[in-house]
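Shown below: entry.tsv, with TSV, C-alpha atoms.
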chain	number	residue	atom	x	y	z
A	1	MET	CA	9.59	-10.21	60.02
A	2	LYS	CA	8.74	-13.56	58.48
A	3	ALA	CA	5.11	-12.50	57.94
A	4	ALA	CA	6.26	-9.30	56.18
A	5	ARG	CA	8.46	-11.30	53.80
A	6	LEU	CA	5.52	-13.57	52.93
A	7	ILE	CA	3.36	-10.54	52.13
A	8	VAL	CA	6.01	-9.01	49.80
A	9	LEU	CA	6.47	-12.36	48.03
A	10	ALA	CA	2.70	-12.67	47.48
A	11	VAL	CA	2.52	-9.15	45.95
A	12	LEU	CA	5.40	-9.88	43.60
A	13	LEU	CA	3.86	-13.15	42.44
A	14	SER	CA	0.50	-11.45	41.75
A	15	THR	CA	2.18	-8.66	39.73
A	16	VAL	CA	4.16	-11.13	37.64
A	17	GLY	CA	1.02	-13.16	37.06
A	18	ALA	CA	-0.93	-10.09	35.86
A	19	ALA	CA	1.85	-9.05	33.49
A	20	ALA	CA	2.10	-12.57	32.12
A	21	TRP	CA	-1.63	-12.61	31.41
A	22	PHE	CA	-1.31	-9.31	29.44
A	23	PHE	CA	1.74	-10.25	27.39
A	24	TRP	CA	0.85	-13.88	26.71
A	25	PRO	CA	-2.59	-15.36	26.08
A	26	ARG	CA	-3.99	-17.98	28.35
A	27	PRO	CA	-4.07	-21.51	26.91
A	28	ASP	CA	-7.74	-21.11	25.87
A	29	ASP	CA	-7.43	-17.53	24.57
A	30	THR	CA	-6.44	-15.99	21.23
A	31	ILE	CA	-3.88	-13.19	21.12
A	32	ARG	CA	-5.70	-9.87	21.01
A	33	PHE	CA	-4.56	-6.26	20.98
A	34	GLN	CA	-6.63	-3.26	21.99
A	35	GLY	CA	-6.67	-0.17	19.78
A	36	TYR	CA	-8.90	2.48	18.24
A	37	VAL	CA	-9.84	4.01	14.90
A	38	GLU	CA	-7.85	7.06	13.84
A	39	GLY	CA	-8.21	9.36	10.82
A	40	TYR	CA	-5.85	11.71	9.04
A	41	LEU	CA	-8.03	14.70	8.23
A	42	VAL	CA	-7.69	16.93	5.16
A	43	PHE	CA	-8.37	20.55	6.12
A	44	MET	CA	-10.00	22.55	3.31
A	45	ALA	CA	-9.16	26.26	3.34
A	46	PRO	CA	-9.35	29.12	0.81
A	47	GLU	CA	-6.17	30.57	-0.70
A	48	GLU	CA	-7.55	34.08	-0.16
A	49	GLY	CA	-9.70	35.31	2.68
A	50	GLY	CA	-13.26	36.55	2.47
A	51	ARG	CA	-16.86	36.06	3.55
A	52	ILE	CA	-18.43	32.62	3.09
A	53	GLU	CA	-21.33	33.12	0.71
A	54	GLU	CA	-22.47	29.50	0.47
A	55	LEU	CA	-21.73	26.33	2.44
A	56	ALA	CA	-22.82	23.40	0.29
A	57	VAL	CA	-22.11	20.52	2.72
A	58	ASP	CA	-22.49	19.67	6.39
A	59	SER	CA	-20.90	17.29	8.88
A	60	GLY	CA	-21.40	13.65	7.92
A	61	ASP	CA	-22.06	14.32	4.23
A	62	ARG	CA	-20.28	12.21	1.63
A	63	VAL	CA	-18.79	14.13	-1.27
A	64	ALA	CA	-17.26	13.05	-4.57
A	65	GLU	CA	-14.07	14.43	-6.05
A	66	GLY	CA	-14.69	17.85	-7.57
A	67	THR	CA	-17.80	18.58	-5.48
A	68	MET	CA	-18.12	22.23	-4.47
A	69	LEU	CA	-17.74	22.47	-0.69
A	70	PHE	CA	-18.11	26.20	-0.08
A	71	ARG	CA	-17.92	29.48	-1.97
A	72	LEU	CA	-16.59	32.83	-0.87
A	73	ASP	CA	-17.99	36.18	-1.96
A	74	GLY	CA	-16.46	36.92	-5.36
A	75	SER	CA	-17.97	40.29	-6.30
A	76	VAL	CA	-14.57	42.02	-6.43
A	77	GLN	CA	-12.96	39.20	-8.40
A	78	SER	CA	-15.92	39.11	-10.80
A	79	ALA	CA	-15.56	42.84	-11.48
A	80	GLN	CA	-11.84	42.41	-12.10
A	81	ARG	CA	-12.57	39.61	-14.50
A	82	ASN	CA	-15.08	41.74	-16.44
A	83	GLU	CA	-12.58	44.60	-16.60
A	84	ALA	CA	-9.85	42.31	-17.94
A	85	GLU	CA	-12.22	40.89	-20.54
A	86	ALA	CA	-13.19	44.39	-21.73
A	87	LYS	CA	-9.53	45.40	-22.08
A	88	LEU	CA	-8.81	42.26	-24.05
A	89	GLN	CA	-11.68	42.95	-26.44
A	90	GLN	CA	-10.43	46.52	-26.88
A	91	THR	CA	-6.88	45.47	-27.75
A	92	ARG	CA	-8.14	42.78	-30.10
A	93	ALA	CA	-10.25	45.37	-31.91
A	94	GLN	CA	-7.26	47.69	-32.16
A	95	LEU	CA	-5.15	44.87	-33.59
A	96	ALA	CA	-7.81	44.05	-36.15
A	97	ASN	CA	-8.06	47.73	-37.11
A	98	LEU	CA	-4.30	47.98	-37.62
A	99	LYS	CA	-4.28	44.95	-39.83
A	100	ALA	CA	-7.16	46.27	-41.92
A	101	ALA	CA	-6.33	50.00	-42.24
A	102	LEU	CA	-3.36	52.11	-43.29
A	103	GLN	CA	-1.00	53.32	-40.61
A	104	ARG	CA	-1.57	56.83	-39.34
A	105	PRO	CA	1.20	59.09	-37.95
A	106	GLU	CA	2.05	58.46	-34.28
A	107	GLU	CA	2.56	61.12	-31.66
A	108	ILE	CA	5.97	60.13	-30.34
A	109	ALA	CA	5.91	62.57	-27.46
A	110	VAL	CA	2.69	61.12	-26.10
A	111	LEU	CA	4.07	57.60	-26.42
A	112	GLU	CA	7.28	58.57	-24.62
A	113	ALA	CA	5.20	59.97	-21.74
A	114	GLN	CA	3.31	56.68	-21.61
A	115	GLU	CA	6.63	54.85	-21.57
A	116	GLU	CA	7.81	56.84	-18.53
A	117	ARG	CA	4.55	56.09	-16.73
A	118	ALA	CA	4.86	52.39	-17.59
A	119	GLN	CA	8.47	52.33	-16.32
A	120	ALA	CA	7.37	53.91	-13.04
A	121	GLN	CA	4.58	51.35	-12.67
A	122	LEU	CA	7.01	48.54	-13.42
A	123	GLY	CA	9.32	49.85	-10.69
A	124	LEU	CA	6.50	49.72	-8.17
A	125	SER	CA	5.58	46.20	-9.29
A	126	GLN	CA	9.20	45.09	-8.95
A	127	ALA	CA	9.39	46.46	-5.39
A	128	GLU	CA	6.12	44.76	-4.44
A	129	LEU	CA	7.30	41.46	-5.96
A	130	ASP	CA	10.56	41.61	-3.98
A	131	ARG	CA	8.63	42.35	-0.78
A	132	GLN	CA	6.14	39.53	-1.29
A	133	ARG	CA	8.97	37.10	-2.15
A	134	THR	CA	10.71	37.92	1.15
A	135	LEU	CA	7.47	37.54	3.15
A	136	PHE	CA	6.66	34.23	1.43
A	137	GLU	CA	10.13	32.80	2.05
A	138	ARG	CA	9.78	33.72	5.74
A	139	GLY	CA	6.36	32.06	5.90
A	140	ILE	CA	4.56	35.33	6.72
A	141	SER	CA	2.63	35.82	3.47
A	142	ALA	CA	0.49	33.36	1.51
A	143	LYS	CA	1.65	31.98	-1.81
A	144	ALA	CA	-1.42	33.47	-3.49
A	145	GLN	CA	-0.23	37.00	-2.64
A	146	TYR	CA	3.22	36.22	-3.98
A	147	ASP	CA	1.72	34.84	-7.21
A	148	GLN	CA	-0.45	37.93	-7.53
A	149	ALA	CA	2.57	40.24	-7.17
A	150	ARG	CA	4.51	38.21	-9.72
A	151	THR	CA	1.63	38.35	-12.21
A	152	ALA	CA	1.30	42.13	-11.70
A	153	PHE	CA	5.01	42.51	-12.43
A	154	GLU	CA	4.73	40.47	-15.61
A	155	ARG	CA	1.68	42.50	-16.64
A	156	ASP	CA	3.46	45.85	-16.15
A	157	LYS	CA	6.53	44.50	-17.89
A	158	ALA	CA	4.40	43.57	-20.87
A	159	ALA	CA	2.70	46.99	-20.77
A	160	LEU	CA	6.09	48.71	-20.93
A	161	ALA	CA	7.08	46.51	-23.84
A	162	GLU	CA	3.84	47.48	-25.56
A	163	VAL	CA	4.57	51.21	-25.27
A	164	GLN	CA	8.14	50.71	-26.45
A	165	ARG	CA	6.90	48.80	-29.46
A	166	GLN	CA	4.47	51.61	-30.24
A	167	ILE	CA	7.33	54.13	-30.13
A	168	ASP	CA	9.36	52.02	-32.50
A	169	ALA	CA	6.34	51.68	-34.76
A	170	GLY	CA	5.83	55.43	-34.82
A	171	GLN	CA	9.40	56.00	-35.93
A	172	ILE	CA	9.26	53.72	-38.94
A	173	ILE	CA	7.15	53.65	-42.03
A	174	GLY	CA	4.70	50.82	-42.33
A	175	ARG	CA	2.28	48.96	-40.07
A	176	SER	CA	4.46	46.06	-38.90
A	177	GLY	CA	5.66	47.80	-35.71
A	178	GLU	CA	2.19	48.86	-34.65
A	179	ILE	CA	0.85	45.40	-35.31
A	180	ASP	CA	3.58	43.83	-33.16
A	181	ALA	CA	2.76	46.21	-30.31
A	182	ALA	CA	-0.93	45.47	-30.60
A	183	GLU	CA	-0.22	41.75	-30.52
A	184	ALA	CA	1.86	42.23	-27.35
A	185	ALA	CA	-1.04	44.15	-25.80
A	186	VAL	CA	-3.41	41.33	-26.68
A	187	GLN	CA	-1.07	38.81	-25.03
A	188	ALA	CA	-0.76	40.96	-21.89
A	189	ASN	CA	-4.53	41.32	-21.58
A	190	GLU	CA	-5.03	37.60	-22.20
A	191	ALA	CA	-2.70	36.90	-19.28
A	192	ALA	CA	-4.58	39.43	-17.13
A	193	LEU	CA	-7.91	37.81	-18.01
A	194	MET	CA	-6.57	34.36	-17.18
A	195	GLN	CA	-5.36	35.62	-13.82
A	196	ALA	CA	-8.73	37.22	-13.06
A	197	GLU	CA	-10.62	34.05	-14.02
A	198	THR	CA	-8.29	31.93	-11.87
A	199	ARG	CA	-8.83	34.16	-8.83
A	200	LEU	CA	-12.59	34.06	-9.39
A	201	ALA	CA	-12.59	30.25	-9.76
A	202	LYS	CA	-10.62	29.86	-6.52
A	203	ARG	CA	-13.45	31.50	-4.61
A	204	GLN	CA	-15.07	28.06	-4.90
A	205	VAL	CA	-13.27	25.35	-2.92
A	206	LYS	CA	-13.89	21.81	-4.18
A	207	ALA	CA	-13.19	18.35	-2.78
A	208	SER	CA	-9.84	16.96	-3.85
A	209	SER	CA	-11.05	13.35	-3.56
A	210	ASP	CA	-14.00	11.23	-2.49
A	211	ALA	CA	-14.41	11.78	1.24
A	212	GLN	CA	-16.73	12.27	4.18
A	213	VAL	CA	-17.18	15.68	5.81
A	214	GLN	CA	-15.83	15.12	9.30
A	215	ASP	CA	-16.37	18.58	10.80
A	216	VAL	CA	-17.38	22.13	9.82
A	217	TYR	CA	-15.69	25.07	11.56
A	218	PHE	CA	-17.35	28.08	9.85
A	219	ARG	CA	-20.81	28.75	8.46
A	220	ALA	CA	-22.24	30.90	5.68
A	221	GLY	CA	-21.93	34.60	6.49
A	222	GLU	CA	-18.75	34.24	8.53
A	223	THR	CA	-15.39	35.63	7.37
A	224	VAL	CA	-12.25	33.50	7.15
A	225	ASN	CA	-8.62	34.34	6.49
A	226	ALA	CA	-6.42	32.89	3.79
A	227	GLY	CA	-5.34	29.36	4.73
A	228	GLN	CA	-7.86	29.09	7.59
A	229	PRO	CA	-9.69	25.72	7.47
A	230	VAL	CA	-13.42	25.95	6.92
A	231	LEU	CA	-14.08	22.21	7.16
A	232	ALA	CA	-12.27	18.88	7.46
A	233	LEU	CA	-12.57	15.91	5.11
A	234	LEU	CA	-11.77	12.28	5.82
A	235	PRO	CA	-10.99	10.28	2.66
A	236	PRO	CA	-11.48	6.51	3.05
A	237	ALA	CA	-7.77	5.89	2.49
A	238	ASN	CA	-6.91	8.14	5.47
A	239	ARG	CA	-8.68	5.95	8.03
A	240	ARG	CA	-6.31	3.87	10.21
A	241	ILE	CA	-6.48	1.31	13.02
A	242	ARG	CA	-3.92	2.15	15.69
A	243	PHE	CA	-3.00	-0.42	18.31
A	244	TYR	CA	-0.05	-1.29	20.53
A	245	VAL	CA	1.89	-4.54	20.68
A	246	PRO	CA	4.04	-5.55	23.69
A	247	GLU	CA	7.65	-6.42	22.88
A	248	PRO	CA	7.25	-10.17	23.65
A	249	LEU	CA	4.47	-10.37	21.03
A	250	LEU	CA	6.05	-8.13	18.36
A	251	ALA	CA	6.99	-11.18	16.30
A	252	THR	CA	3.29	-11.98	15.80
A	253	VAL	CA	2.79	-8.94	13.50
A	254	ALA	CA	4.53	-7.91	10.27
A	255	LEU	CA	4.15	-5.26	7.56
A	256	GLY	CA	1.57	-6.27	4.98
A	257	GLN	CA	0.00	-8.80	7.32
A	258	THR	CA	-3.80	-9.08	7.43
A	259	VAL	CA	-5.36	-8.92	10.88
A	260	GLY	CA	-8.92	-9.34	12.09
A	261	LEU	CA	-11.00	-6.53	13.59
A	262	SER	CA	-13.90	-6.66	16.02
A	263	CYS	CA	-15.82	-4.03	17.93
A	264	ASP	CA	-19.19	-3.44	19.55
A	265	SER	CA	-22.06	-3.57	17.03
A	266	CYS	CA	-19.63	-4.10	14.11
A	267	LYS	CA	-20.29	-6.70	11.47
A	268	GLU	CA	-18.23	-9.87	11.54
A	269	GLY	CA	-15.28	-10.55	9.29
A	270	LEU	CA	-13.69	-7.07	9.33
A	271	GLN	CA	-10.04	-7.07	8.36
A	272	ALA	CA	-7.16	-4.62	8.05
A	273	ARG	CA	-3.66	-4.73	6.59
A	274	ILE	CA	-0.71	-3.59	8.69
A	275	SER	CA	0.92	-0.54	7.06
A	276	PHE	CA	3.22	0.73	9.82
A	277	ILE	CA	5.21	-0.70	12.74
A	278	SER	CA	7.13	1.69	14.95
A	279	SER	CA	10.87	1.07	15.14
A	280	GLU	CA	11.04	2.41	18.70
A	281	ALA	CA	9.26	1.31	21.86
A	282	GLU	CA	7.11	3.74	23.83
A	283	PHE	CA	5.22	3.71	27.08
A	284	THR	CA	1.76	2.20	27.03
A	285	PRO	CA	-0.89	4.94	26.53
A	286	PRO	CA	-2.93	5.13	29.76
A	287	VAL	CA	-6.13	5.57	27.74
A	288	ILE	CA	-5.70	2.04	26.38
A	289	PHE	CA	-4.47	0.03	29.36
A	290	SER	CA	-4.78	-0.04	33.11
A	291	GLU	CA	-2.70	1.87	35.63
A	292	GLN	CA	-0.57	-1.20	36.29
A	293	GLU	CA	0.46	-1.49	32.65
A	294	ARG	CA	1.69	2.08	32.14
A	295	ALA	CA	5.27	1.11	32.78
A	296	LYS	CA	5.24	-1.47	29.97
A	297	LEU	CA	7.01	-0.62	26.71
A	298	VAL	CA	5.01	-1.32	23.57
A	299	PHE	CA	5.34	-0.72	19.81
A	300	ARG	CA	2.81	1.37	17.91
A	301	VAL	CA	1.27	-0.38	14.89
A	302	GLU	CA	-1.11	0.99	12.24
A	303	ALA	CA	-3.33	-0.94	9.81
A	304	ARG	CA	-5.64	0.12	6.97
A	305	PRO	CA	-9.18	-1.34	6.85
A	306	LEU	CA	-9.58	-3.54	3.76
A	307	ASP	CA	-13.30	-3.46	3.00
A	308	GLY	CA	-13.76	0.32	3.20
A	309	THR	CA	-15.94	0.13	6.30
A	310	ASP	CA	-16.51	3.65	7.67
A	311	LEU	CA	-15.70	3.00	11.32
A	312	PRO	CA	-16.17	6.11	13.49
A	313	ILE	CA	-13.05	7.96	14.58
A	314	GLY	CA	-12.07	7.05	18.15
A	315	LEU	CA	-14.02	3.76	18.18
A	316	PRO	CA	-12.26	1.14	20.35
A	317	VAL	CA	-11.44	-2.02	18.39
A	318	THR	CA	-9.88	-5.39	19.09
A	319	VAL	CA	-7.18	-6.55	16.70
A	320	THR	CA	-6.57	-10.28	16.25
A	321	PRO	CA	-3.42	-11.39	14.41
A	322	PRO	CA	-3.51	-14.61	12.41
A	323	GLU	CA	-2.82	-17.84	14.22
A	324	PRO	CA	0.91	-18.73	14.12
A	325	GLU	CA	1.84	-21.78	12.13
A	326	PRO	CA	2.64	-24.79	14.32
A	327	ARG	CA	6.31	-25.67	14.67
A	328	SER	CA	7.43	-28.85	13.01

Kindly present the structure from the file in structure tokens form.
Amino acid sequence: MKAARLIVLAVLLSTVGAAAWFFWPRPDDTIRFQGYVEGYLVFMAPEEGGRIEELAVDSGDRVAEGTMLFRLDGSVQSAQRNEAEAKLQQTRAQLANLKAALQRPEEIAVLEAQEERAQAQLGLSQAELDRQRTLFERGISAKAQYDQARTAFERDKAALAEVQRQIDAGQIIGRSGEIDAAEAAVQANEAALMQAETRLAKRQVKASSDAQVQDVYFRAGETVNAGQPVLALLPPANRRIRFYVPEPLLATVALGQTVGLSCDSCKEGLQARISFISSEAEFTPPVIFSEQERAKLVFRVEARPLDGTDLPIGLPVTVTPPEPEPRS
């Protein structure tokens, strides 16, 4: 019985000694925390689906803000843009003709038939807009589809107003009514052309900031859906150093504090500034510490590298806080 008690006491003393070595540095050691490099990726995806026609970058490439990353097939959108431009030119020519020539008699019956057709089209556009609004609010449909339905409704609304203006113009003497209707038609077609050009421009996805291409998920020739990431970017500002501080040493770190960094094959003098300290303790991640330390509660801390060094994601690093000032 006495021998068993001695064995238990020896195990307890060794465990306490190991924990004390982890939480507090030895007299000849500097406080160090183990961590790794983490990155918050920006996933680049098209607003509308389609086939990837060109992939302009690859993994590891550095891109500047505004650089074209990939382009989807835009043959349909290009045709729609050309159609909208032709309609705009036609209405502009009609407006110029009305301003230059005398008014001719209007066929009211024909215009009234056009008005009924425009009202029916507006009803369909209204129903589609209501449906897309409901799907968007439920998170089922993309915002681009909702915007497209809203633009179609505004276009048909303007078309109905155009026909109604033409009817009014045909019932009065003079050219002012016809000119107003033609001007409304020009405005409607200008809006349609702008919409077509916007949809065509969005077939090219560009970098939103200076970044490094972290990964590519699809290649040229493959088809992607709306909102499906094609590649991931890592801007320099999105790189973080994540490490864990035991509760007894939490007072050695503070927000805004500059800490030293070191890692295998890294240059000397790397630094980072602490940008986040967790307000709640958590269990030590087993990937960082040994099996014996899993029961320890630590606080997660994040720091941003200061010199813009592109440390690889997942690289283990050692974080060294500044030496505490001696007590007077």

* Asked: Contacts of Asp264 (chain A) at 10 Å or less, counting all atoms listed in the file, minus same-chain residues fewer than 6 places along, as a PyMOL selection string?
  -> chain A and resi 315-318

* Shell around region 164-167 of chain A at 10 Å using only C-alpha atoms, local window under 5 positions removed, as a list in words -> Glu106, Glu107, Ile108, Ala109, Val110, Leu111, Glu112, Gln114, Glu115, Ala118, Ala158, Ala159, Ile172, Gly177, Glu178, Ile179, Asp180, Ala181, Ala182, Ala184 and Ala185 of chain A

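With distances taken over all atoms listed in the file, A:Leu122 is the one residue among A:Ala142, A:Ala188, A:Leu122, A:Leu270 lying closest to Asp156 (chain A).
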
* To do: Might you pull out every residue within 8 Å of Gln77 (chain A), with only C-alpha atoms counted and same-chain residues fewer than 5 positions away left off, and present them as a VMD selection string?
  => chain A and resid 196 to 197 199 to 200

* Could you pull the residues within 9 Å of Gln121 (chain A), counting only C-alpha atoms, minus those fewer than 6 positions along the same chain, as a PyMOL selection string? -> chain A and resi 153+156-157+160

Now that the selection is made, can you save its residues with C-alpha atoms as a tab-separated table (two decimals), in the frame of the given file?
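Contents of part00.tsv, freshly written:
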chain	number	residue	atom	x	y	z
A	153	PHE	CA	5.01	42.51	-12.43
A	156	ASP	CA	3.46	45.85	-16.15
A	157	LYS	CA	6.53	44.50	-17.89
A	160	LEU	CA	6.09	48.71	-20.93

* Quick one: pull the distance between CA of Gly49 (chain A) and CA of Arg81 (chain A), Å, one decimal. => 17.9 Å

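Of the listed residues A:Val186, A:Val63, A:Ala303, A:Met44, the one whose atoms come nearest to Ser275 (chain A) is A:Ala303, with distances taken using only C-alpha atoms.
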
* **Radius query 9 Å about (-10.5, 11.4, 4.2), atoms used: only C-alpha atoms, as a list in words** =>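 Here is the list of nearby residues: Gly39, Tyr40, Leu41, Val42, Ser209, Asp210, Ala211, Gln212, Val213, Gln214, Ala232, Leu233, Leu234, Pro235, Pro236, Ala237, Asn238 and Arg239 of chain A.
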
* Asked: To one decimal place, how far is CA of Pro321 (chain A) from CA of Val253 (chain A) in Å?
  ->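 Pair CA of Pro321 (chain A) / CA of Val253 (chain A) returns 6.7 Å.
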